[in-house]
Structures are given as C-alpha cells and as structure tokens.
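Trainee: Input file: run30.cif. Contents: mmCIF, C-alpha atoms.
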data_run
loop_
_atom_site.label_atom_id
_atom_site.label_comp_id
_atom_site.auth_asym_id
_atom_site.auth_seq_id
_atom_site.Cartn_x
_atom_site.Cartn_y
_atom_site.Cartn_z
CA MET A 1 -144.97 -81.98 84.99
CA CYS A 2 -146.35 -83.52 88.14
CA LEU A 3 -143.90 -82.92 90.94
CA MET A 4 -145.71 -85.47 93.07
CA ALA A 5 -145.31 -88.33 90.60
CA GLN A 6 -145.61 -91.73 92.26
CA PRO A 7 -144.92 -95.16 90.83
CA ARG A 8 -148.12 -96.55 89.36
CA TYR A 9 -148.68 -100.24 88.70
CA THR A 10 -151.16 -102.19 86.63
CA ALA A 11 -153.39 -104.83 88.23
CA ASP A 12 -150.89 -107.52 87.22
CA GLY A 13 -147.99 -105.68 88.84
CA GLN A 14 -146.43 -104.00 85.82
CA LEU A 15 -144.96 -100.52 86.21
CA THR A 16 -146.65 -97.82 84.16
CA LEU A 17 -144.27 -95.66 82.12
CA PRO A 18 -144.97 -92.03 83.09
CA SER A 19 -146.01 -90.19 79.95
CA ASP A 20 -143.97 -87.15 80.95
CA TYR A 21 -140.72 -88.83 81.91
CA ARG A 22 -138.85 -86.78 79.32
CA GLU A 23 -139.78 -83.69 81.34
CA TRP A 24 -138.15 -85.18 84.45
CA ILE A 25 -134.68 -84.24 85.62
CA PHE A 26 -131.92 -85.42 83.28
CA LEU A 27 -129.06 -87.05 85.16
CA SER A 28 -126.63 -88.05 82.44
CA SER A 29 -126.11 -89.86 79.17
CA GLY A 30 -123.61 -92.48 78.12
CA LEU A 31 -122.68 -93.95 74.78
CA GLY A 32 -121.97 -97.64 74.36
CA MET A 33 -121.33 -98.12 78.05
CA THR A 34 -120.69 -101.72 78.97
CA TYR A 35 -119.84 -103.52 82.15
CA ALA A 36 -118.61 -106.56 80.24
CA GLN A 37 -115.41 -106.64 78.24
CA SER A 38 -117.04 -107.52 74.94
CA MET A 39 -117.29 -104.81 72.31
CA GLN A 40 -120.66 -103.52 71.25
CA MET A 41 -121.10 -103.35 67.50
CA ALA A 42 -123.77 -100.65 67.49
CA PRO A 43 -123.29 -98.40 70.50
CA ALA A 44 -126.46 -96.96 72.02
CA PHE A 45 -126.98 -93.76 73.97
CA THR A 46 -128.41 -94.23 77.46
CA ASN A 47 -130.24 -91.20 78.87
CA VAL A 48 -131.17 -91.35 82.55
CA PHE A 49 -134.06 -89.34 84.02
CA VAL A 50 -135.34 -89.16 87.59
CA ASN A 51 -138.63 -87.89 88.96
CA PRO A 52 -138.24 -84.28 90.14
CA ALA A 53 -139.31 -84.90 93.74
CA ALA A 54 -136.63 -87.57 94.19
CA TYR A 55 -134.04 -85.30 92.55
CA ARG A 56 -134.81 -82.47 94.96
CA SER A 57 -134.60 -84.83 97.90
CA PHE A 58 -131.22 -86.13 96.68
CA VAL A 59 -129.87 -82.59 96.29
CA SER A 60 -130.83 -81.90 99.93
CA THR A 61 -129.73 -85.16 101.50
CA GLY A 62 -127.54 -87.15 99.10
CA LYS A 63 -130.01 -90.04 99.45
CA TRP A 64 -132.88 -91.39 97.38
CA PRO A 65 -136.30 -91.15 99.05
CA ASP A 66 -138.96 -93.84 98.87
CA LYS A 67 -140.86 -93.67 95.54
CA THR A 68 -137.75 -92.74 93.56
CA MET A 69 -138.13 -93.63 89.88
CA LEU A 70 -135.25 -93.74 87.42
CA VAL A 71 -135.98 -94.13 83.71
CA LEU A 72 -133.25 -95.37 81.37
CA GLU A 73 -134.04 -94.36 77.80
CA ILE A 74 -131.95 -96.25 75.26
CA ARG A 75 -131.54 -94.59 71.87
CA ALA A 76 -129.80 -95.58 68.67
CA SER A 77 -126.74 -93.55 67.67
CA ALA A 78 -125.85 -92.15 64.26
CA SER A 79 -122.72 -90.42 63.04
CA LYS A 80 -123.30 -89.11 59.53
CA GLY A 81 -126.40 -87.05 58.94
CA SER A 82 -127.27 -83.46 58.13
CA ILE A 83 -124.03 -81.50 58.50
CA ASN A 84 -122.52 -83.81 61.10
CA GLN A 85 -119.23 -85.37 60.04
CA GLY A 86 -118.06 -87.30 63.08
CA GLY A 87 -118.87 -88.38 66.59
CA SER A 88 -122.38 -89.53 67.49
CA TYR A 89 -125.83 -88.08 67.92
CA GLN A 90 -129.06 -89.63 69.12
CA GLY A 91 -131.75 -91.38 67.10
CA ASP A 92 -134.91 -93.32 67.84
CA VAL A 93 -135.75 -94.99 71.13
CA VAL A 94 -134.85 -98.66 71.03
CA GLY A 95 -135.99 -99.53 74.55
CA ILE A 96 -136.76 -98.22 78.01
CA GLU A 97 -135.96 -99.64 81.44
CA GLY A 98 -136.98 -98.50 84.90
CA GLU A 99 -135.70 -98.75 88.45
CA VAL A 100 -138.04 -97.99 91.35
CA LYS A 101 -137.60 -97.68 95.09
CA ASP A 102 -140.84 -98.69 96.75
CA GLN A 103 -140.18 -100.08 100.18
CA ALA A 104 -143.71 -101.26 100.90
CA LYS A 105 -143.92 -103.12 97.61
CA PHE A 106 -140.43 -104.56 97.31
CA PRO A 107 -139.18 -105.99 100.60
CA GLY A 108 -135.45 -106.45 100.92
CA ASN A 109 -133.61 -103.35 99.81
CA GLY A 110 -136.78 -101.79 98.38
CA TRP A 111 -135.61 -101.55 94.77
CA ALA A 112 -137.01 -103.28 91.67
CA PHE A 113 -136.17 -103.19 87.95
CA PHE A 114 -138.60 -103.14 85.04
CA GLY A 115 -138.25 -103.68 81.31
CA PHE A 116 -140.56 -101.65 79.08
CA GLY A 117 -139.10 -102.31 75.65
CA LYS A 118 -141.30 -100.01 73.59
CA SER A 119 -144.40 -100.59 75.71
CA SER A 120 -146.04 -98.18 78.13
CA THR A 121 -146.05 -100.84 80.83
CA GLY A 122 -143.01 -102.69 82.06
CA LYS A 123 -142.74 -106.13 83.61
CA MET A 124 -140.70 -106.48 86.76
CA LEU A 125 -137.47 -108.33 86.17
CA PRO A 126 -136.98 -111.31 88.48
CA PRO A 127 -134.62 -110.73 91.42
CA SER A 128 -132.28 -113.34 89.97
CA GLU A 129 -131.35 -110.98 87.12
CA ASP A 130 -127.84 -109.55 87.19
CA CYS A 131 -129.05 -105.96 87.49
CA TYR A 132 -130.13 -106.53 91.09
CA SER A 133 -126.83 -107.91 92.35
CA CYS A 134 -124.71 -105.56 90.24
CA HIS A 135 -126.53 -102.41 91.41
CA ALA A 136 -126.42 -103.63 95.01
CA GLU A 137 -122.69 -104.37 94.85
CA HIS A 138 -121.44 -101.52 92.69
CA GLY A 139 -123.93 -98.63 92.96
CA ALA A 140 -122.14 -95.65 94.46
CA VAL A 141 -125.30 -94.61 96.31
CA ASP A 142 -128.04 -97.02 97.39
CA ASN A 143 -128.30 -99.34 94.35
CA THR A 144 -127.79 -96.54 91.81
CA PHE A 145 -124.79 -95.71 89.65
CA VAL A 146 -124.24 -92.20 90.93
CA GLN A 147 -120.59 -92.62 89.92
CA PHE A 148 -121.80 -92.10 86.35
CA TYR A 149 -124.02 -89.07 87.14
CA PRO A 150 -121.53 -86.26 87.58
CA ALA A 151 -124.20 -83.74 88.57
CA LEU A 152 -124.99 -85.87 91.64
CA LEU A 153 -121.59 -87.31 92.50
CA GLY A 154 -120.30 -84.14 94.18
CA ILE A 155 -123.48 -83.89 96.24
CA ALA A 156 -123.15 -87.47 97.48
CA ARG A 157 -119.50 -86.86 98.33
CA GLN A 158 -120.38 -83.70 100.23
CA LYS A 159 -123.22 -85.38 102.11
CA GLY A 160 -121.12 -88.45 102.90
CA THR A 161 -123.56 -90.89 101.30
CA LEU A 162 -121.18 -92.60 98.88
CA SER A 163 -120.79 -96.30 99.50
CA GLY A 164 -117.24 -97.53 99.76
CA HIS A 165 -117.73 -100.11 97.02
CA ASN A 166 -118.04 -98.51 93.66
CA MET B 1 -137.87 -74.63 88.68
CA CYS B 2 -139.27 -71.36 87.42
CA LEU B 3 -141.54 -72.09 84.50
CA MET B 4 -141.56 -68.41 83.58
CA ALA B 5 -137.78 -68.14 83.21
CA GLN B 6 -136.75 -65.20 81.05
CA PRO B 7 -133.33 -64.34 79.67
CA ARG B 8 -131.55 -62.04 82.12
CA TYR B 9 -128.64 -59.82 81.17
CA THR B 10 -125.99 -57.98 83.15
CA ALA B 11 -125.59 -54.20 82.78
CA ASP B 12 -122.85 -54.78 80.21
CA GLY B 13 -125.03 -57.08 78.11
CA GLN B 14 -123.81 -60.48 79.23
CA LEU B 15 -126.31 -63.31 79.55
CA THR B 16 -126.76 -64.70 83.06
CA LEU B 17 -126.53 -68.48 83.29
CA PRO B 18 -129.75 -69.66 84.97
CA SER B 19 -128.75 -71.47 88.14
CA ASP B 20 -131.38 -74.14 87.55
CA TYR B 21 -130.69 -74.94 83.90
CA ARG B 22 -130.02 -78.56 84.76
CA GLU B 23 -133.66 -78.81 85.87
CA TRP B 24 -134.82 -77.60 82.45
CA ILE B 25 -136.02 -79.95 79.73
CA PHE B 26 -133.29 -82.19 78.30
CA LEU B 27 -133.38 -82.31 74.52
CA SER B 28 -130.50 -84.61 73.63
CA SER B 29 -126.84 -85.40 74.05
CA GLY B 30 -124.11 -86.03 71.51
CA LEU B 31 -120.57 -87.34 71.83
CA GLY B 32 -117.73 -85.85 69.82
CA MET B 33 -120.08 -84.31 67.30
CA THR B 34 -118.28 -82.21 64.71
CA TYR B 35 -119.37 -80.27 61.69
CA ALA B 36 -115.82 -80.20 60.34
CA GLN B 37 -114.00 -83.21 58.97
CA SER B 38 -111.13 -83.10 61.42
CA MET B 39 -111.01 -85.74 64.12
CA GLN B 40 -111.38 -84.74 67.74
CA MET B 41 -108.78 -86.26 69.98
CA ALA B 42 -110.79 -86.04 73.20
CA PRO B 43 -114.47 -86.30 72.37
CA ALA B 44 -116.81 -84.31 74.61
CA PHE B 45 -120.43 -84.92 75.51
CA THR B 46 -122.80 -82.10 74.60
CA ASN B 47 -126.02 -81.99 76.63
CA VAL B 48 -128.71 -79.58 75.41
CA PHE B 49 -131.37 -78.15 77.75
CA VAL B 50 -134.21 -75.73 76.98
CA ASN B 51 -136.34 -73.63 79.33
CA PRO B 52 -139.60 -75.45 80.11
CA ALA B 53 -141.92 -72.72 78.81
CA ALA B 54 -140.25 -72.77 75.39
CA TYR B 55 -140.38 -76.58 75.34
CA ARG B 56 -144.10 -76.61 76.00
CA SER B 57 -144.67 -74.03 73.30
CA PHE B 58 -142.64 -76.10 70.83
CA VAL B 59 -144.61 -79.25 71.66
CA SER B 60 -147.83 -77.34 70.87
CA THR B 61 -146.71 -75.46 67.77
CA GLY B 62 -143.43 -76.85 66.43
CA LYS B 63 -141.95 -73.37 66.77
CA TRP B 64 -139.75 -71.58 69.28
CA PRO B 65 -141.39 -68.67 71.09
CA ASP B 66 -139.67 -65.40 71.90
CA LYS B 67 -137.47 -65.76 75.04
CA THR B 68 -136.41 -69.30 74.17
CA MET B 69 -133.13 -70.22 75.85
CA LEU B 70 -131.01 -73.23 74.93
CA VAL B 71 -128.07 -74.22 77.11
CA LEU B 72 -125.29 -76.40 75.68
CA GLU B 73 -123.42 -78.09 78.50
CA ILE B 74 -120.10 -79.55 77.37
CA ARG B 75 -118.69 -82.35 79.51
CA ALA B 76 -115.54 -84.41 79.36
CA SER B 77 -115.91 -88.09 78.55
CA ALA B 78 -114.29 -91.06 80.21
CA SER B 79 -114.29 -94.73 79.31
CA LYS B 80 -112.65 -96.73 82.08
CA GLY B 81 -113.83 -96.12 85.60
CA SER B 82 -115.69 -97.99 88.31
CA ILE B 83 -117.03 -101.14 86.62
CA ASN B 84 -117.29 -99.61 83.15
CA GLN B 85 -115.20 -101.39 80.52
CA GLY B 86 -116.03 -99.65 77.29
CA GLY B 87 -117.98 -96.89 75.66
CA SER B 88 -118.15 -93.45 77.27
CA TYR B 89 -119.72 -91.77 80.26
CA GLN B 90 -119.79 -88.16 81.33
CA GLY B 91 -117.36 -86.27 83.52
CA ASP B 92 -116.84 -82.67 84.59
CA VAL B 93 -118.22 -79.63 82.81
CA VAL B 94 -115.60 -78.13 80.50
CA GLY B 95 -117.70 -75.26 79.20
CA ILE B 96 -121.18 -73.90 78.64
CA GLU B 97 -122.69 -72.04 75.70
CA GLY B 98 -126.10 -70.44 75.26
CA GLU B 99 -128.44 -69.53 72.43
CA VAL B 100 -131.27 -67.08 73.06
CA LYS B 101 -134.20 -65.83 71.02
CA ASP B 102 -135.00 -62.29 72.11
CA GLN B 103 -136.53 -60.36 69.28
CA ALA B 104 -136.58 -56.97 70.97
CA LYS B 105 -132.91 -57.25 71.92
CA PHE B 106 -131.44 -58.90 68.83
CA PRO B 107 -132.81 -57.40 65.63
CA GLY B 108 -132.43 -59.48 62.51
CA ASN B 109 -133.56 -63.04 63.13
CA GLY B 110 -133.81 -62.48 66.90
CA TRP B 111 -131.20 -65.05 67.95
CA ALA B 112 -127.88 -64.54 69.71
CA PHE B 113 -125.13 -66.85 70.98
CA PHE B 114 -123.22 -66.59 74.24
CA GLY B 115 -120.06 -68.22 75.59
CA PHE B 116 -119.96 -68.88 79.32
CA GLY B 117 -116.88 -71.03 79.67
CA LYS B 118 -117.08 -71.84 83.37
CA SER B 119 -118.48 -68.45 84.34
CA SER B 120 -122.02 -67.66 85.45
CA THR B 121 -122.23 -64.86 82.89
CA GLY B 122 -121.65 -65.26 79.16
CA LYS B 123 -120.46 -62.72 76.63
CA MET B 124 -122.39 -62.45 73.41
CA LEU B 125 -120.45 -63.82 70.47
CA PRO B 126 -120.13 -61.34 67.59
CA PRO B 127 -122.51 -61.94 64.66
CA SER B 128 -119.50 -62.62 62.46
CA GLU B 129 -118.92 -65.94 64.28
CA ASP B 130 -119.65 -69.10 62.31
CA CYS B 131 -122.37 -70.24 64.71
CA TYR B 132 -124.74 -67.53 63.46
CA SER B 133 -124.48 -68.36 59.76
CA CYS B 134 -124.34 -72.13 60.33
CA HIS B 135 -127.44 -72.20 62.51
CA ALA B 136 -129.28 -69.91 60.09
CA GLU B 137 -128.38 -72.06 57.09
CA HIS B 138 -128.59 -75.54 58.56
CA GLY B 139 -130.91 -75.41 61.58
CA ALA B 140 -133.88 -77.68 60.87
CA VAL B 141 -136.21 -75.31 62.76
CA ASP B 142 -135.58 -71.57 63.15
CA ASN B 143 -131.82 -71.45 63.78
CA THR B 144 -131.79 -74.57 65.95
CA PHE B 145 -130.50 -78.07 65.20
CA VAL B 146 -133.76 -79.90 65.78
CA GLN B 147 -132.44 -82.56 63.39
CA PHE B 148 -130.26 -83.70 66.30
CA TYR B 149 -133.06 -83.59 68.93
CA PRO B 150 -135.08 -86.70 68.15
CA ALA B 151 -137.72 -85.94 70.79
CA LEU B 152 -138.60 -82.75 68.87
CA LEU B 153 -138.00 -83.80 65.27
CA GLY B 154 -141.25 -85.72 64.93
CA ILE B 155 -143.20 -82.80 66.37
CA ALA B 156 -141.69 -80.37 63.86
CA ARG B 157 -142.42 -82.78 61.05
CA GLN B 158 -146.03 -83.16 62.19
CA LYS B 159 -146.51 -79.40 62.59
CA GLY B 160 -144.87 -78.67 59.24
CA THR B 161 -142.24 -76.36 60.71
CA LEU B 162 -139.11 -78.06 59.38
CA SER B 163 -137.06 -75.87 57.09
CA GLY B 164 -136.14 -77.44 53.78
CA HIS B 165 -132.44 -76.85 54.29
CA ASN B 166 -131.06 -79.12 56.94
#
Take the structure in the file and write it out as structure tokens.
Mentor:
Amino acid sequence: MCLMAQPRYTADGQLTLPSDYREWIFLSSGLGMTYAQSMQMAPAFTNVFVNPAAYRSFVSTGKWPDKTMLVLEIRASASKGSINQGGSYQGDVVGIEGEVKDQAKFPGNGWAFFGFGKSSTGKMLPPSEDCYSCHAEHGAVDNTFVQFYPALLGIARQKGTLSGHN
Amino acid sequence: MCLMAQPRYTADGQLTLPSDYREWIFLSSGLGMTYAQSMQMAPAFTNVFVNPAAYRSFVSTGKWPDKTMLVLEIRASASKGSINQGGSYQGDVVGIEGEVKDQAKFPGNGWAFFGFGKSSTGKMLPPSEDCYSCHAEHGAVDNTFVQFYPALLGIARQKGTLSGHN
C-alpha cells in the first residue's frame, strides 16, 4: 500500500482507479441505501474506502486534507448461498464511483465526482449532477457523508468539524 | 499500521484486540446474515477485517499463513436518519469477535475463536462451541468463510485452495 497515494489523472482528465484501493481504509458499508423514497428492487452493498493518508489526517483533525480520495465500491447482494439462510452478503462488483478533493484542479469547493463503472479510469461527472449539490448541502463534514461513517462521526464531533446541516 | 502484527495474549490466555484493526484489510460486510432459519428482528452489519500480512500471503497463495487474525466487527443498523430514506447504514459497535490461526498455541487445526464483546481483551471460546465445527465443515478455505468474501473467492479458485465442502 502506498501511503502517499495521490489522485492521478489521464491526459483527457479521467481519474485513474488506484489498483490497491481495497487495501485502503474501510469507512463503512450500507445496503440498499437510498436518498429518494422509491424502493430499490435489488439492493446493493456500498463499501466506502479512503486513502490512508487522508484517513490519518482526519483522525488527527476531523477534516479532509487536499488530495483526499474516497472510493465507493458497489456490490451485488445475495441472500441464499452456501449455508446462509437469511440476511444479505456481498457478491460481484457492479460499479465504482470516486470523490476527490483536489483544490488546484477543481476550483470552487475543491471536490469532484467520477464514475468508473467497471473501468480503471473514471470520467468526471459534470457539476450539474445531483451528487455535487447533495454532498454540499447534506454532507456532515466538508461534502462527505460522515454521518454514515460511524468510525469517523465521533471524531468529527470531538473536533467540532460537523456542519450544522446534515 | 503495523504490517508485522502478531496475535498477543494476556497472561490468562485472552486475545488482545489490536487497537488498529480498523486499519487492517477489509474483506466484506454482511447484513443480518444467519446460518439458522430463524428471522433476526434487528439485523446487524458484520464487517470482517484481516491483518495485512495475512492478506498479502493469501493474495499470493490462496492460503492463510500462521498468525492470521480475522476480526468480526458487529454493528447496529439503522434505516432512517439524515437524508436516508431506505435500506440500511451502520451504527455503533455492538460486539467484536476474533478468529486466530496460531498453530503452536492451538493444536488440532490451529484455529481458535474469541469473544470480545465491547472489551479490549477476548476470552477464547471453548472448542465445543458451534463456531469451531461449523467453520471446519463449511469454511470454503481452511476454517474461514471465504465464500462470503468476494474479493478473496476468485483468488482461492485460481490457486486451487477451495475446499470441496462449502
């Protein structure tokens, strides 16, 4: 694992998916989470990883440093398999998304979102996409949903970095 | 993170919970998984972490080395909170369990199970507990449920280390 991982971009501005993101720090996982009221028919697990350097900085300060990278790994869920009789466990990756803080590259609040699908490079989503406004309005800490990452929420509370609007 | 983490025991044989286990390698998470047919009323998330040295060895060989430590972190689930409208996200830790491979210390197949609850030391569960026989009979790789860790399952398949009985 490279503790000094930095966001890397292709010549046409796509974000490169770090090959070792699964060795980054795991923040949390959800199942079938939705911010709309519609029901999902096939709930997916959503695993969130962050680069270790940004994690360590957050633990010390309750804030995300420049060059923070969050990877959202979306996996299918299954219920019956092997000896499992109920509940849900994880299956194959169905898509990957990324959120990066890079203040020199993304003027404004410094954050940008990328969609990888199943590719190793991800195109930046246009700032008109809902994710930008929703993270800005509802992220408990600096455009991120720390309210859903219980391992970080207490740190942010202690450091006084929670936004009022979550 | 200490890449050379080893199982540590108290004088009375309890396993010490590594303070940095949340910086270990995340294997997978389930929600409300059950091996019995009864329904759970309050489904819990189960996050599984492994020490980095054991992970790297597994990626190379498809097998768990001696001194492998798996930590099962059990967290409450919630559905409505902040802007979330459905599905489940993780809450507080409700308990922690551990599984260790230490061939010098645990004759037989070398594995032992520990219950931490919310303590930083965990008592070894007696070998008569169901977890021992169930993991031995149904673990896809060497007493572990690799069938529920999709990031490892393909590696075990490729290395030919899957047991027939899972």
Trainee: Within 8 Å of chain B, which residues of chain A show up when using all atoms listed in the file, listed as number ranges by chain?
Mentor: A: 22-26, 28-37, 39, 43, 79, 82-92, 138, 147-150, 166
Trainee: For the file shown, what are the residues hit by the PyMOL selection byres ((chain A and resi 16) around 10), laid out as a compact mmCIF listing (two decimals) with C-alpha atoms, in the coordinates of the input?
Mentor:
# COMPACT_ATOMS: atom_id res chain seq x y z
CA PRO A 7 -144.92 -95.16 90.83
CA ARG A 8 -148.12 -96.55 89.36
CA TYR A 9 -148.68 -100.24 88.70
CA THR A 10 -151.16 -102.19 86.63
CA GLY A 13 -147.99 -105.68 88.84
CA GLN A 14 -146.43 -104.00 85.82
CA LEU A 15 -144.96 -100.52 86.21
CA LEU A 17 -144.27 -95.66 82.12
CA PRO A 18 -144.97 -92.03 83.09
CA SER A 19 -146.01 -90.19 79.95
CA GLY A 98 -136.98 -98.50 84.90
CA PHE A 114 -138.60 -103.14 85.04
CA PHE A 116 -140.56 -101.65 79.08
CA SER A 119 -144.40 -100.59 75.71
CA SER A 120 -146.04 -98.18 78.13
CA THR A 121 -146.05 -100.84 80.83
CA GLY A 122 -143.01 -102.69 82.06
CA LYS A 123 -142.74 -106.13 83.61
Trainee: With chain B held fixed, move chain A onto it by a least-squares fit of all C-alpha atoms in order and give the output as a compact mmCIF listing (two decimals) with C-alpha atoms, in the coordinates of the input.
Mentor:
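So result.txt came out as:
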# COMPACT_ATOMS: atom_id res chain seq x y z
CA MET A 1 -137.89 -74.64 88.67
CA CYS A 2 -139.28 -71.37 87.41
CA LEU A 3 -141.55 -72.08 84.49
CA MET A 4 -141.55 -68.41 83.60
CA ALA A 5 -137.78 -68.14 83.22
CA GLN A 6 -136.74 -65.20 81.06
CA PRO A 7 -133.33 -64.33 79.69
CA ARG A 8 -131.57 -62.04 82.14
CA TYR A 9 -128.65 -59.82 81.18
CA THR A 10 -126.01 -57.97 83.15
CA ALA A 11 -125.59 -54.21 82.78
CA ASP A 12 -122.84 -54.78 80.21
CA GLY A 13 -125.04 -57.06 78.11
CA GLN A 14 -123.82 -60.47 79.23
CA LEU A 15 -126.33 -63.30 79.55
CA THR A 16 -126.77 -64.68 83.05
CA LEU A 17 -126.53 -68.47 83.31
CA PRO A 18 -129.74 -69.67 85.00
CA SER A 19 -128.74 -71.48 88.17
CA ASP A 20 -131.36 -74.16 87.57
CA TYR A 21 -130.68 -74.92 83.93
CA ARG A 22 -130.00 -78.56 84.78
CA GLU A 23 -133.64 -78.81 85.88
CA TRP A 24 -134.80 -77.61 82.45
CA ILE A 25 -136.02 -79.95 79.74
CA PHE A 26 -133.29 -82.19 78.33
CA LEU A 27 -133.35 -82.30 74.54
CA SER A 28 -130.49 -84.60 73.64
CA SER A 29 -126.82 -85.39 74.05
CA GLY A 30 -124.09 -86.03 71.53
CA LEU A 31 -120.57 -87.33 71.83
CA GLY A 32 -117.73 -85.85 69.82
CA MET A 33 -120.07 -84.31 67.30
CA THR A 34 -118.28 -82.22 64.72
CA TYR A 35 -119.35 -80.29 61.69
CA ALA A 36 -115.80 -80.22 60.34
CA GLN A 37 -114.02 -83.24 58.94
CA SER A 38 -111.13 -83.15 61.37
CA MET A 39 -111.03 -85.76 64.11
CA GLN A 40 -111.38 -84.74 67.71
CA MET A 41 -108.77 -86.26 69.97
CA ALA A 42 -110.79 -86.04 73.18
CA PRO A 43 -114.48 -86.29 72.37
CA ALA A 44 -116.81 -84.31 74.61
CA PHE A 45 -120.44 -84.92 75.49
CA THR A 46 -122.81 -82.09 74.59
CA ASN A 47 -126.03 -81.98 76.63
CA VAL A 48 -128.71 -79.58 75.42
CA PHE A 49 -131.37 -78.13 77.74
CA VAL A 50 -134.22 -75.74 76.99
CA ASN A 51 -136.34 -73.64 79.32
CA PRO A 52 -139.61 -75.46 80.10
CA ALA A 53 -141.93 -72.73 78.81
CA ALA A 54 -140.25 -72.77 75.39
CA TYR A 55 -140.37 -76.58 75.34
CA ARG A 56 -144.10 -76.61 76.01
CA SER A 57 -144.67 -74.03 73.31
CA PHE A 58 -142.63 -76.10 70.83
CA VAL A 59 -144.61 -79.24 71.65
CA SER A 60 -147.83 -77.33 70.87
CA THR A 61 -146.71 -75.45 67.78
CA GLY A 62 -143.44 -76.87 66.45
CA LYS A 63 -141.95 -73.37 66.77
CA TRP A 64 -139.74 -71.60 69.29
CA PRO A 65 -141.40 -68.68 71.09
CA ASP A 66 -139.67 -65.41 71.91
CA LYS A 67 -137.48 -65.76 75.04
CA THR A 68 -136.40 -69.30 74.16
CA MET A 69 -133.13 -70.21 75.86
CA LEU A 70 -131.01 -73.21 74.91
CA VAL A 71 -128.08 -74.20 77.11
CA LEU A 72 -125.30 -76.38 75.69
CA GLU A 73 -123.41 -78.08 78.51
CA ILE A 74 -120.11 -79.55 77.37
CA ARG A 75 -118.69 -82.34 79.51
CA ALA A 76 -115.54 -84.40 79.36
CA SER A 77 -115.92 -88.10 78.54
CA ALA A 78 -114.28 -91.07 80.22
CA SER A 79 -114.30 -94.74 79.31
CA LYS A 80 -112.64 -96.73 82.08
CA GLY A 81 -113.83 -96.11 85.61
CA SER A 82 -115.71 -97.99 88.30
CA ILE A 83 -117.05 -101.14 86.62
CA ASN A 84 -117.29 -99.61 83.16
CA GLN A 85 -115.20 -101.40 80.55
CA GLY A 86 -116.05 -99.67 77.29
CA GLY A 87 -117.98 -96.89 75.65
CA SER A 88 -118.15 -93.45 77.26
CA TYR A 89 -119.71 -91.78 80.25
CA GLN A 90 -119.80 -88.16 81.32
CA GLY A 91 -117.35 -86.26 83.51
CA ASP A 92 -116.84 -82.67 84.58
CA VAL A 93 -118.21 -79.62 82.80
CA VAL A 94 -115.60 -78.14 80.50
CA GLY A 95 -117.70 -75.25 79.19
CA ILE A 96 -121.19 -73.91 78.64
CA GLU A 97 -122.70 -72.05 75.70
CA GLY A 98 -126.10 -70.44 75.25
CA GLU A 99 -128.44 -69.52 72.43
CA VAL A 100 -131.27 -67.06 73.06
CA LYS A 101 -134.20 -65.82 71.02
CA ASP A 102 -135.00 -62.30 72.12
CA GLN A 103 -136.54 -60.36 69.29
CA ALA A 104 -136.56 -56.97 70.99
CA LYS A 105 -132.90 -57.26 71.93
CA PHE A 106 -131.44 -58.90 68.85
CA PRO A 107 -132.80 -57.40 65.64
CA GLY A 108 -132.44 -59.49 62.52
CA ASN A 109 -133.56 -63.04 63.14
CA GLY A 110 -133.80 -62.47 66.90
CA TRP A 111 -131.21 -65.05 67.94
CA ALA A 112 -127.87 -64.53 69.72
CA PHE A 113 -125.13 -66.85 70.99
CA PHE A 114 -123.21 -66.58 74.25
CA GLY A 115 -120.07 -68.22 75.59
CA PHE A 116 -119.97 -68.87 79.34
CA GLY A 117 -116.89 -71.04 79.66
CA LYS A 118 -117.09 -71.84 83.36
CA SER A 119 -118.51 -68.45 84.32
CA SER A 120 -122.04 -67.64 85.44
CA THR A 121 -122.24 -64.85 82.88
CA GLY A 122 -121.66 -65.25 79.18
CA LYS A 123 -120.47 -62.72 76.64
CA MET A 124 -122.40 -62.44 73.41
CA LEU A 125 -120.47 -63.81 70.47
CA PRO A 126 -120.13 -61.34 67.60
CA PRO A 127 -122.50 -61.92 64.66
CA SER A 128 -119.49 -62.63 62.46
CA GLU A 129 -118.91 -65.94 64.28
CA ASP A 130 -119.64 -69.10 62.31
CA CYS A 131 -122.37 -70.23 64.70
CA TYR A 132 -124.72 -67.53 63.45
CA SER A 133 -124.46 -68.36 59.76
CA CYS A 134 -124.32 -72.12 60.32
CA HIS A 135 -127.44 -72.19 62.52
CA ALA A 136 -129.27 -69.91 60.09
CA GLU A 137 -128.36 -72.05 57.09
CA HIS A 138 -128.58 -75.54 58.55
CA GLY A 139 -130.92 -75.43 61.57
CA ALA A 140 -133.88 -77.68 60.88
CA VAL A 141 -136.19 -75.31 62.76
CA ASP A 142 -135.59 -71.57 63.14
CA ASN A 143 -131.81 -71.44 63.78
CA THR A 144 -131.78 -74.58 65.95
CA PHE A 145 -130.51 -78.07 65.19
CA VAL A 146 -133.77 -79.89 65.76
CA GLN A 147 -132.45 -82.56 63.38
CA PHE A 148 -130.27 -83.69 66.28
CA TYR A 149 -133.06 -83.60 68.92
CA PRO A 150 -135.07 -86.71 68.15
CA ALA A 151 -137.71 -85.92 70.78
CA LEU A 152 -138.60 -82.75 68.86
CA LEU A 153 -138.00 -83.80 65.27
CA GLY A 154 -141.26 -85.74 64.94
CA ILE A 155 -143.20 -82.80 66.37
CA ALA A 156 -141.68 -80.37 63.87
CA ARG A 157 -142.43 -82.79 61.04
CA GLN A 158 -146.02 -83.16 62.19
CA LYS A 159 -146.50 -79.42 62.58
CA GLY A 160 -144.86 -78.68 59.23
CA THR A 161 -142.23 -76.35 60.71
CA LEU A 162 -139.11 -78.07 59.37
CA SER A 163 -137.05 -75.89 57.08
CA GLY A 164 -136.14 -77.44 53.77
CA HIS A 165 -132.43 -76.87 54.31
CA ASN A 166 -131.05 -79.13 56.94
Trainee: To one decimal place in Å, what is the distance between CA of Gln6 in chain A and CA of Thr144 in chain A?
Mentor: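 About the pair CA of Gln6 in chain A and CA of Thr144 in chain A: they are 18.5 Å apart.
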Trainee: Could you check how far CA of Asp102 in chain B sits from CA of Val48 in chain B, in Å to one decimal?
Mentor: 18.7 Å
Trainee: May I ask for the distance between CA of Val100 in chain B and CA of Thr68 in chain B, given in Å to one decimal place?
Mentor: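 CA of Val100 in chain B sits 5.7 Å away from CA of Thr68 in chain B.
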Trainee: Counting all atoms listed in the file, which of A:Leu125, A:Lys118, A:Asp142, A:Asp66 gets nearest to Lys105 in chain A?
Mentor: A:Asp66
Trainee: Of the candidates A:Ala53, A:Leu72, A:Cys131, A:Met124, which shows the shortest atom-to-atom distance to Glu97 in chain A, using all atoms listed in the file?
Mentor: A:Leu72
Trainee: Pick the closest to Gln103 in chain B from B:Pro126, B:Glu137, B:Pro65, B:Tyr132: which is it, counting all atoms listed in the file?
Mentor: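 Of B:Pro126, B:Glu137, B:Pro65, B:Tyr132, the one nearest Gln103 in chain B is B:Pro65, counting all atoms listed in the file.
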Trainee: Around the point (-124.1, -82.6, 96.4) in the file's coordinates, collect all residues with an atom within 12 Å, using only C-alpha atoms, and return them as a list in words.
Mentor: Tyr55, Arg56, Ser57, Phe58, Val59, Ser60, Thr61, Gly62, Lys63, Val146, Tyr149, Pro150, Ala151, Leu152, Leu153, Gly154, Ile155, Ala156, Arg157, Gln158, Lys159, Gly160, Thr161 and Leu162 of chain A
